[in-house]
Amino acid sequence: MDIRKSTGGVVAIYAGFFLVCILVAVTGGIANSYGLASWYPSLVKPSFNPPNWLFGPVWTVLYGMIAVAGARYVLSPAREKEPTLALYTAQLALNAAWSWVFFYGQAIGAAIAVVVALWLAIAATIGFGWNKDRLASLLLIPYLAWVSFATLLNVAIWRLNS
(Lines give C-alpha, C1' and ligand atoms only; values in the text may rest on other atoms or scores of the structure.)
Protein backbone atom coordinates (compact mmCIF):
# COMPACT_ATOMS: atom_id res chain seq x y z
CA MET A 1 0.00 0.00 0.00
CA ASP A 2 1.27 3.46 -0.90
CA ILE A 3 1.22 5.58 2.26
CA ARG A 4 0.73 8.68 0.08
CA LYS A 5 -2.71 7.45 -0.93
CA SER A 6 -4.16 6.89 2.54
CA THR A 7 -5.58 9.73 4.61
CA GLY A 8 -3.56 8.63 7.63
CA GLY A 9 -0.41 8.50 5.53
CA VAL A 10 -0.95 11.99 4.15
CA VAL A 11 -1.60 13.35 7.65
CA ALA A 12 1.54 11.60 8.93
CA ILE A 13 3.66 13.12 6.16
CA TYR A 14 2.38 16.63 6.85
CA ALA A 15 2.82 16.12 10.61
CA GLY A 16 6.36 14.87 10.04
CA PHE A 17 7.28 17.94 8.04
CA PHE A 18 5.74 20.26 10.62
CA LEU A 19 7.67 18.45 13.35
CA VAL A 20 10.95 18.77 11.43
CA CYS A 21 10.35 22.49 10.86
CA ILE A 22 9.54 22.97 14.54
CA LEU A 23 12.79 21.20 15.45
CA VAL A 24 14.75 23.46 13.07
CA ALA A 25 13.07 26.51 14.61
CA VAL A 26 13.79 25.35 18.17
CA THR A 27 17.39 24.52 17.30
CA GLY A 28 17.82 27.99 15.80
CA GLY A 29 16.10 29.55 18.80
CA ILE A 30 18.53 27.89 21.17
CA ALA A 31 21.44 29.30 19.18
CA ASN A 32 19.79 32.72 19.02
CA SER A 33 19.44 32.82 22.81
CA TYR A 34 23.23 32.86 23.17
CA GLY A 35 23.62 36.10 21.24
CA LEU A 36 20.35 37.93 21.71
CA ALA A 37 20.87 38.79 25.36
CA SER A 38 24.07 40.80 25.18
CA TRP A 39 26.02 40.44 21.94
CA TYR A 40 23.42 41.24 19.28
CA PRO A 41 22.07 44.38 21.02
CA SER A 42 25.63 45.75 21.15
CA LEU A 43 26.08 45.53 17.37
CA VAL A 44 25.66 48.52 15.10
CA LYS A 45 22.70 47.75 12.83
CA PRO A 46 21.49 49.37 9.62
CA SER A 47 18.48 51.66 9.57
CA PHE A 48 16.39 48.95 7.88
CA ASN A 49 16.95 46.42 10.68
CA PRO A 50 13.49 45.21 11.75
CA PRO A 51 12.49 45.20 15.42
CA ASN A 52 13.33 41.95 17.20
CA TRP A 53 9.65 41.14 17.86
CA LEU A 54 9.01 40.83 14.10
CA PHE A 55 11.28 37.83 13.54
CA GLY A 56 9.16 35.35 15.53
CA PRO A 57 5.88 35.90 13.66
CA VAL A 58 7.59 36.01 10.27
CA TRP A 59 9.50 32.79 10.87
CA THR A 60 6.41 31.07 12.26
CA VAL A 61 4.53 31.72 9.01
CA LEU A 62 7.54 30.83 6.88
CA TYR A 63 8.19 27.56 8.70
CA GLY A 64 4.55 26.61 8.17
CA MET A 65 4.91 27.27 4.45
CA ILE A 66 8.22 25.40 4.34
CA ALA A 67 6.59 22.39 6.02
CA VAL A 68 3.65 22.35 3.62
CA ALA A 69 6.00 22.66 0.65
CA GLY A 70 8.11 19.72 1.82
CA ALA A 71 5.07 17.51 2.37
CA ARG A 72 3.71 18.45 -1.06
CA TYR A 73 7.01 17.55 -2.74
CA VAL A 74 6.95 14.14 -1.05
CA LEU A 75 3.29 13.57 -1.90
CA SER A 76 3.67 14.67 -5.50
CA PRO A 77 3.11 11.87 -8.01
CA ALA A 78 6.03 13.25 -10.04
CA ARG A 79 9.03 11.04 -10.63
CA GLU A 80 12.66 11.71 -9.78
CA LYS A 81 11.97 13.87 -6.74
CA GLU A 82 15.26 13.01 -5.05
CA PRO A 83 17.19 16.12 -6.19
CA THR A 84 14.37 18.38 -4.99
CA LEU A 85 14.14 16.58 -1.65
CA ALA A 86 17.93 16.62 -1.21
CA LEU A 87 17.97 20.38 -1.81
CA TYR A 88 15.00 20.83 0.51
CA THR A 89 16.90 18.95 3.23
CA ALA A 90 20.03 21.01 2.58
CA GLN A 91 18.16 24.29 2.96
CA LEU A 92 16.72 23.17 6.29
CA ALA A 93 20.19 22.22 7.54
CA LEU A 94 21.63 25.55 6.38
CA ASN A 95 18.70 27.37 7.95
CA ALA A 96 19.54 25.84 11.34
CA ALA A 97 23.28 26.31 10.82
CA TRP A 98 23.01 30.04 10.20
CA SER A 99 21.75 30.75 13.73
CA TRP A 100 24.59 28.75 15.23
CA VAL A 101 27.22 30.52 13.15
CA PHE A 102 25.79 34.03 13.58
CA PHE A 103 24.40 34.09 17.12
CA TYR A 104 26.26 31.32 18.93
CA GLY A 105 29.56 31.62 17.06
CA GLN A 106 29.21 35.38 16.66
CA ALA A 107 30.94 34.94 13.30
CA ILE A 108 29.17 37.53 11.17
CA GLY A 109 31.38 37.03 8.10
CA ALA A 110 31.07 33.24 8.16
CA ALA A 111 27.31 33.64 8.56
CA ILE A 112 27.28 35.45 5.20
CA ALA A 113 28.68 32.33 3.53
CA VAL A 114 25.99 30.22 5.23
CA VAL A 115 23.12 32.54 4.30
CA VAL A 116 24.30 32.73 0.67
CA ALA A 117 24.44 28.92 0.56
CA LEU A 118 20.96 28.88 2.13
CA TRP A 119 19.67 31.27 -0.53
CA LEU A 120 21.13 29.10 -3.29
CA ALA A 121 19.63 25.94 -1.77
CA ILE A 122 16.17 27.53 -1.53
CA ALA A 123 16.36 28.85 -5.10
CA ALA A 124 17.51 25.45 -6.35
CA THR A 125 14.72 23.71 -4.41
CA ILE A 126 12.19 26.02 -6.05
CA GLY A 127 13.72 25.43 -9.47
CA PHE A 128 14.05 21.65 -9.21
CA GLY A 129 10.64 21.36 -7.57
CA TRP A 130 8.78 23.55 -10.06
CA ASN A 131 7.78 20.63 -12.28
CA LYS A 132 7.17 18.32 -9.30
CA ASP A 133 4.68 20.55 -7.47
CA ARG A 134 4.31 24.15 -8.56
CA LEU A 135 2.35 25.19 -5.47
CA ALA A 136 5.09 23.80 -3.22
CA SER A 137 7.65 25.87 -5.10
CA LEU A 138 5.44 28.96 -4.90
CA LEU A 139 5.14 28.46 -1.14
CA LEU A 140 8.93 28.79 -0.87
CA ILE A 141 9.11 32.14 -2.69
CA PRO A 142 8.30 34.25 0.42
CA TYR A 143 11.00 32.29 2.25
CA LEU A 144 13.47 33.10 -0.52
CA ALA A 145 12.44 36.76 -0.33
CA TRP A 146 12.95 36.84 3.45
CA VAL A 147 16.33 35.12 3.16
CA SER A 148 17.26 37.67 0.47
CA PHE A 149 16.49 40.40 2.99
CA ALA A 150 18.34 38.49 5.72
CA THR A 151 21.38 38.24 3.45
CA LEU A 152 21.35 42.00 2.89
CA LEU A 153 20.94 42.54 6.63
CA ASN A 154 23.76 40.12 7.47
CA VAL A 155 26.12 41.87 5.03
CA ALA A 156 25.15 45.31 6.37
CA ILE A 157 25.76 44.23 9.98
CA TRP A 158 29.12 42.75 8.99
CA ARG A 159 30.16 45.97 7.22
CA LEU A 160 29.04 48.17 10.11
CA ASN A 161 30.84 46.06 12.71
CA SER A 162 34.08 45.14 10.95
# chains A, B, ... in the order shown; residues from 1 in each chain; ligands from 1

$ residues_around --residues "region 112-118 of chain A" --least-positions-apart "3" --cutoff "7 Å" --atoms "only C-alpha atoms" --output "list in words"
Gln91, Leu94, Asn95, Trp98, Ile108, Gly109, Ala121, Ile122, Thr151, Asn154 and Val155 of chain A

$ closest_atom_pairs --of "region 31-92 of chain A" --to "region 138-146 of chain A" --cutoff "12 Å" --atoms "only C-alpha atoms" --output "Markdown table"
| residue | atom | partner | partner_atom | distance |
| --- | --- | --- | --- | --- |
| A:Pro50 | CA | A:Trp146 | CA | 11.8 |
| A:Phe55 | CA | A:Trp146 | CA | 10.3 |
| A:Val58 | CA | A:Trp146 | CA | 8.7 |
| A:Trp59 | CA | A:Tyr143 | CA | 8.8 |
| A:Thr60 | CA | A:Tyr143 | CA | 11.1 |
| A:Val61 | CA | A:Tyr143 | CA | 9.4 |
| A:Leu62 | CA | A:Tyr143 | CA | 6.0 |
| A:Tyr63 | CA | A:Tyr143 | CA | 8.5 |
| A:Gly64 | CA | A:Leu139 | CA | 9.5 |
| A:Met65 | CA | A:Leu139 | CA | 5.7 |
| A:Ile66 | CA | A:Leu140 | CA | 6.3 |
| A:Ala67 | CA | A:Leu139 | CA | 9.5 |
| A:Val68 | CA | A:Leu139 | CA | 7.9 |
| A:Ala69 | CA | A:Leu139 | CA | 6.1 |
| A:Gly70 | CA | A:Leu140 | CA | 9.5 |
| A:Ala71 | CA | A:Leu139 | CA | 11.5 |
| A:Arg72 | CA | A:Leu139 | CA | 10.1 |
| A:Tyr73 | CA | A:Leu139 | CA | 11.2 |
| A:Tyr88 | CA | A:Leu140 | CA | 10.1 |
| A:Gln91 | CA | A:Leu144 | CA | 10.6 |
| A:Leu92 | CA | A:Tyr143 | CA | 11.5 |

$ select_by_dssp --residues "chain A" --states "helix (DSSP H, G or I)" --output "VMD selection string"
chain A and resid 3 to 5 7 to 36 39 to 42 52 to 75 82 to 104 108 to 129 134 to 139 141 to 161

$ closest_residue --among "A:Ala111, A:Ile22, A:Val44, A:Ala136" --to "Ser99 (chain A)" --atoms "only C-alpha atoms"
A:Ala111

$ atom_distance --atom1 "CA of Val24 (chain A)" --atom2 "CA of Glu80 (chain A)"
25.8 Å

$ atom_distance --atom1 "CA of Asn49 (chain A)" --atom2 "CA of Ala31 (chain A)"
19.6 Å

$ atom_distance --atom1 "CA of Ala15 (chain A)" --atom2 "CA of Leu75 (chain A)"
12.8 Å

$ decode --residues "region 45-57 of chain A" --atoms "all heavy atoms" --output "PDB file, in the first residue's frame"
ATOM      1  N   LYS A  45      23.600  48.340  13.828  1.00  0.00           N
ATOM      2  CA  LYS A  45      22.704  47.748  12.830  1.00  0.00           C
ATOM      3  C   LYS A  45      22.260  48.815  11.840  1.00  0.00           C
ATOM      4  O   LYS A  45      22.197  50.000  12.181  1.00  0.00           O
ATOM      5  CB  LYS A  45      21.509  47.105  13.515  1.00  0.00           C
ATOM      6  CG  LYS A  45      21.917  45.875  14.327  1.00  0.00           C
ATOM      7  CD  LYS A  45      20.751  45.316  15.069  1.00  0.00           C
ATOM      8  CE  LYS A  45      20.999  44.982  16.501  1.00  0.00           C
ATOM      9  NZ  LYS A  45      21.791  45.819  17.325  1.00  0.00           N
ATOM     10  N   PRO A  46      21.933  48.395  10.615  1.00  0.00           N
ATOM     11  CA  PRO A  46      21.492  49.368   9.615  1.00  0.00           C
ATOM     12  C   PRO A  46      20.106  49.915   9.940  1.00  0.00           C
ATOM     13  O   PRO A  46      19.352  49.325  10.725  1.00  0.00           O
ATOM     14  CB  PRO A  46      21.469  48.552   8.320  1.00  0.00           C
ATOM     15  CG  PRO A  46      21.243  47.155   8.768  1.00  0.00           C
ATOM     16  CD  PRO A  46      21.950  47.027  10.089  1.00  0.00           C
ATOM     17  N   SER A  47      19.773  51.006   9.316  1.00  0.00           N
ATOM     18  CA  SER A  47      18.480  51.656   9.573  1.00  0.00           C
ATOM     19  C   SER A  47      17.288  50.775   9.216  1.00  0.00           C
ATOM     20  O   SER A  47      16.212  50.939   9.771  1.00  0.00           O
ATOM     21  CB  SER A  47      18.389  52.963   8.785  1.00  0.00           C
ATOM     22  OG  SER A  47      18.493  52.700   7.395  1.00  0.00           O
ATOM     23  N   PHE A  48      17.498  49.816   8.309  1.00  0.00           N
ATOM     24  CA  PHE A  48      16.394  48.946   7.877  1.00  0.00           C
ATOM     25  C   PHE A  48      16.282  47.676   8.711  1.00  0.00           C
ATOM     26  O   PHE A  48      15.508  46.779   8.386  1.00  0.00           O
ATOM     27  CB  PHE A  48      16.512  48.609   6.384  1.00  0.00           C
ATOM     28  CG  PHE A  48      17.804  47.930   6.004  1.00  0.00           C
ATOM     29  CD1 PHE A  48      17.924  46.550   6.078  1.00  0.00           C
ATOM     30  CD2 PHE A  48      18.882  48.669   5.566  1.00  0.00           C
ATOM     31  CE1 PHE A  48      19.111  45.920   5.737  1.00  0.00           C
ATOM     32  CE2 PHE A  48      20.074  48.053   5.205  1.00  0.00           C
ATOM     33  CZ  PHE A  48      20.188  46.671   5.294  1.00  0.00           C
ATOM     34  N   ASN A  49      17.027  47.592   9.795  1.00  0.00           N
ATOM     35  CA  ASN A  49      16.947  46.421  10.676  1.00  0.00           C
ATOM     36  C   ASN A  49      15.562  46.373  11.325  1.00  0.00           C
ATOM     37  O   ASN A  49      15.148  47.336  11.972  1.00  0.00           O
ATOM     38  CB  ASN A  49      18.021  46.518  11.765  1.00  0.00           C
ATOM     39  CG  ASN A  49      18.143  45.242  12.554  1.00  0.00           C
ATOM     40  OD1 ASN A  49      18.697  44.281  12.054  1.00  0.00           O
ATOM     41  ND2 ASN A  49      17.651  45.236  13.778  1.00  0.00           N
ATOM     42  N   PRO A  50      14.822  45.280  11.148  1.00  0.00           N
ATOM     43  CA  PRO A  50      13.488  45.209  11.751  1.00  0.00           C
ATOM     44  C   PRO A  50      13.571  45.074  13.271  1.00  0.00           C
ATOM     45  O   PRO A  50      14.588  44.634  13.803  1.00  0.00           O
ATOM     46  CB  PRO A  50      12.866  43.938  11.151  1.00  0.00           C
ATOM     47  CG  PRO A  50      13.867  43.342  10.249  1.00  0.00           C
ATOM     48  CD  PRO A  50      15.145  44.098  10.369  1.00  0.00           C
ATOM     49  N   PRO A  51      12.496  45.405  13.967  1.00  0.00           N
ATOM     50  CA  PRO A  51      12.492  45.201  15.421  1.00  0.00           C
ATOM     51  C   PRO A  51      12.543  43.702  15.731  1.00  0.00           C
ATOM     52  O   PRO A  51      12.032  42.877  14.961  1.00  0.00           O
ATOM     53  CB  PRO A  51      11.163  45.821  15.865  1.00  0.00           C
ATOM     54  CG  PRO A  51      10.316  45.879  14.635  1.00  0.00           C
ATOM     55  CD  PRO A  51      11.240  45.971  13.466  1.00  0.00           C
ATOM     56  N   ASN A  52      13.163  43.362  16.841  1.00  0.00           N
ATOM     57  CA  ASN A  52      13.333  41.948  17.199  1.00  0.00           C
ATOM     58  C   ASN A  52      12.011  41.184  17.263  1.00  0.00           C
ATOM     59  O   ASN A  52      11.959  40.004  16.926  1.00  0.00           O
ATOM     60  CB  ASN A  52      14.077  41.816  18.524  1.00  0.00           C
ATOM     61  CG  ASN A  52      15.540  42.156  18.385  1.00  0.00           C
ATOM     62  OD1 ASN A  52      16.087  42.215  17.289  1.00  0.00           O
ATOM     63  ND2 ASN A  52      16.191  42.403  19.509  1.00  0.00           N
ATOM     64  N   TRP A  53      10.931  41.822  17.698  1.00  0.00           N
ATOM     65  CA  TRP A  53       9.654  41.135  17.856  1.00  0.00           C
ATOM     66  C   TRP A  53       9.096  40.642  16.515  1.00  0.00           C
ATOM     67  O   TRP A  53       8.270  39.735  16.493  1.00  0.00           O
ATOM     68  CB  TRP A  53       8.630  42.026  18.561  1.00  0.00           C
ATOM     69  CG  TRP A  53       8.256  43.265  17.790  1.00  0.00           C
ATOM     70  CD1 TRP A  53       8.758  44.519  17.972  1.00  0.00           C
ATOM     71  CD2 TRP A  53       7.317  43.362  16.718  1.00  0.00           C
ATOM     72  NE1 TRP A  53       8.196  45.399  17.077  1.00  0.00           N
ATOM     73  CE2 TRP A  53       7.303  44.704  16.291  1.00  0.00           C
ATOM     74  CE3 TRP A  53       6.486  42.462  16.069  1.00  0.00           C
ATOM     75  CZ2 TRP A  53       6.496  45.163  15.251  1.00  0.00           C
ATOM     76  CZ3 TRP A  53       5.683  42.905  15.034  1.00  0.00           C
ATOM     77  CH2 TRP A  53       5.695  44.248  14.631  1.00  0.00           C
ATOM     78  N   LEU A  54       9.544  41.207  15.407  1.00  0.00           N
ATOM     79  CA  LEU A  54       9.012  40.832  14.097  1.00  0.00           C
ATOM     80  C   LEU A  54       9.502  39.462  13.624  1.00  0.00           C
ATOM     81  O   LEU A  54       8.796  38.755  12.906  1.00  0.00           O
ATOM     82  CB  LEU A  54       9.382  41.904  13.064  1.00  0.00           C
ATOM     83  CG  LEU A  54       8.824  41.715  11.662  1.00  0.00           C
ATOM     84  CD1 LEU A  54       7.297  41.794  11.677  1.00  0.00           C
ATOM     85  CD2 LEU A  54       9.402  42.771  10.730  1.00  0.00           C
ATOM     86  N   PHE A  55      10.685  39.063  14.044  1.00  0.00           N
ATOM     87  CA  PHE A  55      11.281  37.830  13.539  1.00  0.00           C
ATOM     88  C   PHE A  55      10.457  36.585  13.889  1.00  0.00           C
ATOM     89  O   PHE A  55      10.295  35.703  13.062  1.00  0.00           O
ATOM     90  CB  PHE A  55      12.726  37.690  14.031  1.00  0.00           C
ATOM     91  CG  PHE A  55      13.653  38.674  13.384  1.00  0.00           C
ATOM     92  CD1 PHE A  55      13.942  39.888  14.005  1.00  0.00           C
ATOM     93  CD2 PHE A  55      14.227  38.398  12.159  1.00  0.00           C
ATOM     94  CE1 PHE A  55      14.795  40.813  13.412  1.00  0.00           C
ATOM     95  CE2 PHE A  55      15.086  39.314  11.543  1.00  0.00           C
ATOM     96  CZ  PHE A  55      15.363  40.521  12.173  1.00  0.00           C
ATOM     97  N   GLY A  56       9.946  36.517  15.108  1.00  0.00           N
ATOM     98  CA  GLY A  56       9.163  35.345  15.534  1.00  0.00           C
ATOM     99  C   GLY A  56       7.931  35.109  14.670  1.00  0.00           C
ATOM    100  O   GLY A  56       7.752  34.011  14.123  1.00  0.00           O
ATOM    101  N   PRO A  57       7.061  36.107  14.504  1.00  0.00           N
ATOM    102  CA  PRO A  57       5.877  35.898  13.665  1.00  0.00           C
ATOM    103  C   PRO A  57       6.219  35.590  12.202  1.00  0.00           C
ATOM    104  O   PRO A  57       5.588  34.727  11.588  1.00  0.00           O
ATOM    105  CB  PRO A  57       5.108  37.224  13.774  1.00  0.00           C
ATOM    106  CG  PRO A  57       5.587  37.852  15.030  1.00  0.00           C
ATOM    107  CD  PRO A  57       6.997  37.388  15.232  1.00  0.00           C
TER     108      PRO A  57
END
